[in-house]
Amino acid sequence: MDIQSTTLVVIGGGPGGYVAAIRAGQLGIPTVLIEGESLGGTCLNVGCIPSKAIIHAATAFEEATHWAGDSKIGIKVADPTIDLAKTMKWKDTIVGKLTGGVGVLLKKNGVKVIKGWATLVDGKTVNVTPAGASEPTIRMTCEHLLLAAGSDAVELPMMKFGGRVISSTDALALTEVPKTLAVVGAGYIGLELGMAYRKLGAEVFVVEALDRILPAYDEELTKPVRAAIDKAGIKLHLGHTVQGMNDLGDALHVKNGAGESVHLPADKILVAVGRKPHTAGWGLESLMLDMNGRAVKVDSQCRTSMRNVWAIGDLTGEPMLAHRAMAQGEMVAEIISGKNRHFAPAAIPAVCFTDPEIVVVGLNATEAAAAGHEVISAMFPFAANGRAMTLESTDGFVRVVARKDNHLIVGWQAVGKGVSELSSAFSQSIEMGAVLEDVGHTIHAHPTLGEAVQEAALRALGHALHI
């Protein structure tokens with residue numbers, strides 16, 4: 001076995017791992033990154049990026065189909081079609097550019113990348129089985145070990161992935177639009193992909209055990225999404241529990257709230273009931289780290305219970321967001337280099353790329369009250385925003401939540417077309433400790449969706465101008 005030594009070993013080349021490795025390289029820390037599949041992890045390869053590419057293509061196709069009818073803005077298109085296999089190749093090109101770019105950045109900053117599968121021996125030793133090999137051929141020893149192994153899609157025990165039953169990864173690689181798509185789970189992954197495939201022409205129905213969609217978001221935010229789902233003809237089976245496949249294997253067997261069995265035929269069944277930390281199959285249990293449920297327990301510096309063993313990203317639990325992992329990875333590299341850092345963001349933005357989109361940053365009014373704050377909250381509708389009108393998308397709103405005593409902003413929420421691009425402004429205002437007056441008295445460009453942000457702040461102060 002080839003025995004090698006370095007200062008930092010990073011296991012996992014997803015957003016958290018590769019950012020940590022790049023930053024460590026910038027800081028002069030000898031670093032080795034071990035990745036078994038493709039650089040970029042789930043996010044770049046089979047998650048965030050490819051899903052947004054498919055969502056964009058689906059939206060463009062839906063618009064073309066709309067223009068083939070009676071378009072009020074005067075555009076006419078003759079009978080549009082879509083070649084999904086070609087769309088997937090285009091998506092793969094984007095993924096290839098991004099993952100290739102990550103490789104270039106790692107090399108530029110002196111990070112050694114080993115393509116292979118890591119198995120932990122102890123807190124300072126990792127065996128590596130190179131891609132294509134059956135046994136470990138490399139042993140890495142290190143001073144610091146950073147665990148960034150990510151997460152896996154949750155499988156239902158009575159419906160393993162395969163055949164008709166697909167994961168979100170499989171849904172991003174289909175070369176034909178299924179005639180009927182069943183989506184199990186009305187969270188953001190299921191609805192993002194379900195709405196996209198509906199736009200591509202599939203008949204879509206969603207099965208959810210709870211009595212509403214997007215249960216992680218407050219109900220007022222989800223109402224415009226629910227309206228869009230109904231308008232699109234997506235059938236919702238809320239309060240229904242999945243029992244498995246029927247005896248013939250061509251339909252989903254569910255039970256409604258009354259306990260009655262229903263069989264729902266489907267060509268493909270997308271199971272999107274969440275993700276879990278990737279803790280099995282690579283020797284993590286040998287370290288006997290403190291755990292927080294399924295996740296590795298870490299402190300505010302992403303230290304585990306073992307000295308000089310660190311963990312970041314989805315492996316450490318919720319919120320499972322690529323940008324959280326990136327921020328953690330950068331911080332760990334800086335701490336190892338001798339800087340004094342802690343992971344204590346004022347807020348982490350979360351975006352749901354349904355149509356319309358949802359953005360949540362910080363606390364809503366209910367959460368703020370539960371935290372002991374007396375708050376004021378105000379909403380500005382896109383129906384009163386000129387830019388939204390020109391985009392033919394006036395559903396939705398921007399909402400701000402601030403403390404009543406000093407007007408400190410503690411939360412933003414928005415739902416509408418393109419609101420994901422407002423998330424940075426929301427996060428920055430909270431991180432910098434902005435008050436309502438700061439946002440309300442900042443000149444916002446006209447006409448933009450961002451004016452709704454200013455107007456929401458002004459309305460909270462009692463003097464919105466355009467409503």
# chains A, B, ... in the order shown; residues from 1 in each chain; ligands from 1
call {"tool": "select_by_dssp", "arguments": {"residues": "stretch 216-250 of chain A", "states": "strand (DSSP E)", "output": "list of chain:residue names"}}
result
A:Lys235, A:Leu236, A:His237, A:Leu238, A:Thr241, A:Val242, A:Gln243, A:Gly244, A:Met245
call {"tool": "closest_atom_pairs", "arguments": {"of": "stretch 383-420 of chain A", "to": "stretch 39-61 of chain A", "cutoff": "12 Å", "atoms": "only C-alpha atoms", "output": "Markdown table"}}
result
| residue | atom | partner | partner_atom | distance |
| --- | --- | --- | --- | --- |
| A:Lys417 | CA | A:Thr59 | CA | 11.4 |
| A:Gly418 | CA | A:His56 | CA | 11.6 |
| A:Ser420 | CA | A:Lys52 | CA | 11.8 |
call {"tool": "residues_around", "arguments": {"residues": "stretch 74-91 of chain A", "least_positions_apart": "2", "cutoff": "9 Å", "atoms": "only C-alpha atoms", "output": "list in words"}}
result
Ile49, Pro50, Ser51, Ala53, Ile54, Ala57, Phe61, Ala64, Thr65, His66, Trp67, Ala68, Gly69, Asp70, Ser71, Lys72, Thr93, Ile94, Val95, Gly96, Leu172, Ala173, Leu174, Thr175, Glu176, Val177 and Leu200 of chain A
call {"tool": "closest_atom_pairs", "arguments": {"of": "stretch 173-231 of chain A", "to": "stretch 237-254 of chain A", "cutoff": "7 Å", "atoms": "only C-alpha atoms", "output": "Markdown table"}}
result
| residue | atom | partner | partner_atom | distance |
| --- | --- | --- | --- | --- |
| A:Val206 | CA | A:His237 | CA | 5.9 |
| A:Val207 | CA | A:His237 | CA | 4.8 |
| A:Glu208 | CA | A:Leu238 | CA | 4.9 |
| A:Ala209 | CA | A:Gly239 | CA | 4.5 |
| A:Leu210 | CA | A:Gly239 | CA | 4.9 |
| A:Asp211 | CA | A:Gly239 | CA | 4.8 |
| A:Arg212 | CA | A:Leu238 | CA | 6.3 |
call {"tool": "write_last_selection", "arguments": {"atoms": "N, CA and C atoms", "output": "CSV table (one decimal), in the first residue's frame"}}
result
chain,number,residue,atom,x,y,z
A,206,VAL,N,-49.4,14.2,-7.0
A,206,VAL,CA,-48.6,14.3,-5.9
A,206,VAL,C,-49.3,13.6,-4.7
A,207,VAL,N,-48.6,12.8,-4.0
A,207,VAL,CA,-49.1,12.1,-2.8
A,207,VAL,C,-48.3,12.6,-1.6
A,208,GLU,N,-49.0,13.1,-0.6
A,208,GLU,CA,-48.4,13.7,0.6
A,208,GLU,C,-49.2,13.3,1.9
A,209,ALA,N,-48.5,12.8,2.9
A,209,ALA,CA,-49.1,12.3,4.1
A,209,ALA,C,-49.7,13.4,4.9
A,210,LEU,N,-49.2,14.6,4.9
A,210,LEU,CA,-49.7,15.7,5.6
A,210,LEU,C,-50.9,16.3,4.8
A,211,ASP,N,-51.5,17.3,5.4
A,211,ASP,CA,-52.7,17.9,4.8
A,211,ASP,C,-52.4,19.1,3.9
A,212,ARG,N,-51.1,19.5,3.7
A,212,ARG,CA,-50.8,20.6,2.9
A,212,ARG,C,-49.4,20.4,2.2
call {"tool": "closest_residue", "arguments": {"among": "A:Gly440, A:Gly313, A:Gly36, A:Pro349", "to": "A:Thr119", "atoms": "only C-alpha atoms"}}
result
A:Gly36
call {"tool": "atom_distance", "arguments": {"atom1": "atom CA of A:Gly274", "atom2": "atom CA of A:Pro178"}}
result
22.4 Å
call {"tool": "closest_residue", "arguments": {"among": "A:Glu330, A:Asp2, A:Asp355, A:Glu431", "to": "A:Glu62", "atoms": "only C-alpha atoms"}}
result
A:Asp355
call {"tool": "closest_atom_pairs", "arguments": {"of": "stretch 259-374 of chain A", "to": "stretch 160-165 of chain A", "cutoff": "10 Å", "atoms": "only C-alpha atoms", "output": "tab-separated table"}}
result
residue	atom	partner	partner_atom	distance
A:Ala266	CA	A:Arg164	CA	8.1
A:Asp267	CA	A:Arg164	CA	6.3
A:Lys268	CA	A:Arg164	CA	4.7
A:Ile269	CA	A:Val165	CA	4.7
A:Leu270	CA	A:Val165	CA	6.1
A:Val271	CA	A:Val165	CA	7.0
call {"tool": "atom_distance", "arguments": {"atom1": "atom CA of A:Ala414", "atom2": "atom CA of A:Ala457"}}
result
13.0 Å
call {"tool": "closest_residue", "arguments": {"among": "A:Val309, A:Val361, A:Ala216, A:Ile336", "to": "A:Lys124", "atoms": "only C-alpha atoms"}}
result
A:Val309
call {"tool": "residues_around", "arguments": {"residues": "A:Trp412", "least_positions_apart": "3", "cutoff": "8 Å", "atoms": "only C-alpha atoms", "output": "number ranges by chain"}}
result
A: 359-364, 398-401, 426
call {"tool": "closest_residue", "arguments": {"among": "A:His323, A:His278, A:His463, A:Arg303", "to": "A:Val351", "atoms": "only C-alpha atoms"}}
result
A:His323
call {"tool": "closest_residue", "arguments": {"among": "A:Ile348, A:Val121, A:Leu146, A:Val204", "to": "A:Trp310", "atoms": "only C-alpha atoms"}}
result
A:Leu146
call {"tool": "select_by_dssp", "arguments": {"residues": "stretch 93-307 of chain A", "states": "alpha helix (DSSP H)", "output": "JSON, numbers by chain"}}
result
{"A": [93, 94, 95, 96, 97, 98, 99, 100, 101, 102, 103, 104, 105, 106, 107, 108, 168, 169, 170, 171, 188, 189, 190, 191, 192, 193, 194, 195, 196, 197, 198, 199, 219, 220, 221, 222, 223, 224, 225, 226, 227, 228, 229, 230, 231, 232]}
call {"tool": "write_last_selection", "arguments": {"atoms": "C-alpha atoms", "output": "CSV table (one decimal), in the first residue's frame"}}
result
chain,number,residue,atom,x,y,z
A,93,THR,CA,-22.8,20.3,-20.7
A,94,ILE,CA,-23.5,22.9,-18.0
A,95,VAL,CA,-22.6,20.3,-15.3
A,96,GLY,CA,-19.4,19.4,-17.1
A,97,LYS,CA,-18.3,23.1,-17.3
A,98,LEU,CA,-18.9,23.6,-13.6
A,99,THR,CA,-17.3,20.4,-12.4
A,100,GLY,CA,-14.4,21.0,-14.7
A,101,GLY,CA,-14.0,24.5,-13.3
A,102,VAL,CA,-13.8,23.1,-9.8
A,103,GLY,CA,-11.0,20.7,-10.8
A,104,VAL,CA,-9.1,23.7,-12.3
A,105,LEU,CA,-9.5,25.7,-9.1
A,106,LEU,CA,-8.3,22.9,-7.0
A,107,LYS,CA,-5.2,22.3,-9.1
A,108,LYS,CA,-4.5,26.1,-9.3
A,168,SER,CA,-34.5,12.8,-7.8
A,169,THR,CA,-31.2,11.8,-9.4
A,170,ASP,CA,-33.0,9.5,-11.8
A,171,ALA,CA,-35.6,12.2,-12.6
A,188,TYR,CA,-39.5,21.4,-2.3
A,189,ILE,CA,-37.7,18.6,-4.2
A,190,GLY,CA,-40.9,16.8,-5.2
A,191,LEU,CA,-42.8,20.0,-6.2
A,192,GLU,CA,-39.9,21.5,-8.1
A,193,LEU,CA,-39.5,18.4,-10.3
A,194,GLY,CA,-43.2,17.6,-10.4
A,195,MET,CA,-44.1,21.1,-11.7
A,196,ALA,CA,-41.2,20.9,-14.2
A,197,TYR,CA,-42.4,17.6,-15.7
A,198,ARG,CA,-46.0,18.9,-15.8
A,199,LYS,CA,-44.7,21.8,-18.0
A,219,GLU,CA,-49.0,28.5,4.8
A,220,GLU,CA,-49.4,32.1,3.5
A,221,LEU,CA,-46.3,31.7,1.4
A,222,THR,CA,-47.5,28.4,-0.1
A,223,LYS,CA,-50.9,29.7,-1.3
A,224,PRO,CA,-49.6,31.1,-4.6
A,225,VAL,CA,-47.8,27.9,-5.2
A,226,ARG,CA,-50.9,25.9,-4.5
A,227,ALA,CA,-52.9,28.1,-6.9
A,228,ALA,CA,-50.3,27.5,-9.6
A,229,ILE,CA,-50.4,23.7,-9.0
A,230,ASP,CA,-54.2,23.7,-9.3
A,231,LYS,CA,-54.0,25.9,-12.5
A,232,ALA,CA,-51.4,23.5,-14.0
call {"tool": "atom_distance", "arguments": {"atom1": "atom CA of A:Asn406", "atom2": "atom CA of A:Ser429"}}
result
14.8 Å
call {"tool": "closest_residue", "arguments": {"among": "A:Ile213, A:Ala322, A:Leu120, A:Met306", "to": "A:Ser151", "atoms": "only C-alpha atoms"}}
result
A:Ala322
call {"tool": "residues_around", "arguments": {"residues": "A:Ala148", "least_positions_apart": "4", "cutoff": "12 Å", "atoms": "only C-alpha atoms", "output": "ChimeraX atom specification"}}
result
/A:9-21,33-35,40-42,118,277-279,284,295-296,302,309-317,322,325-326,328-329,332
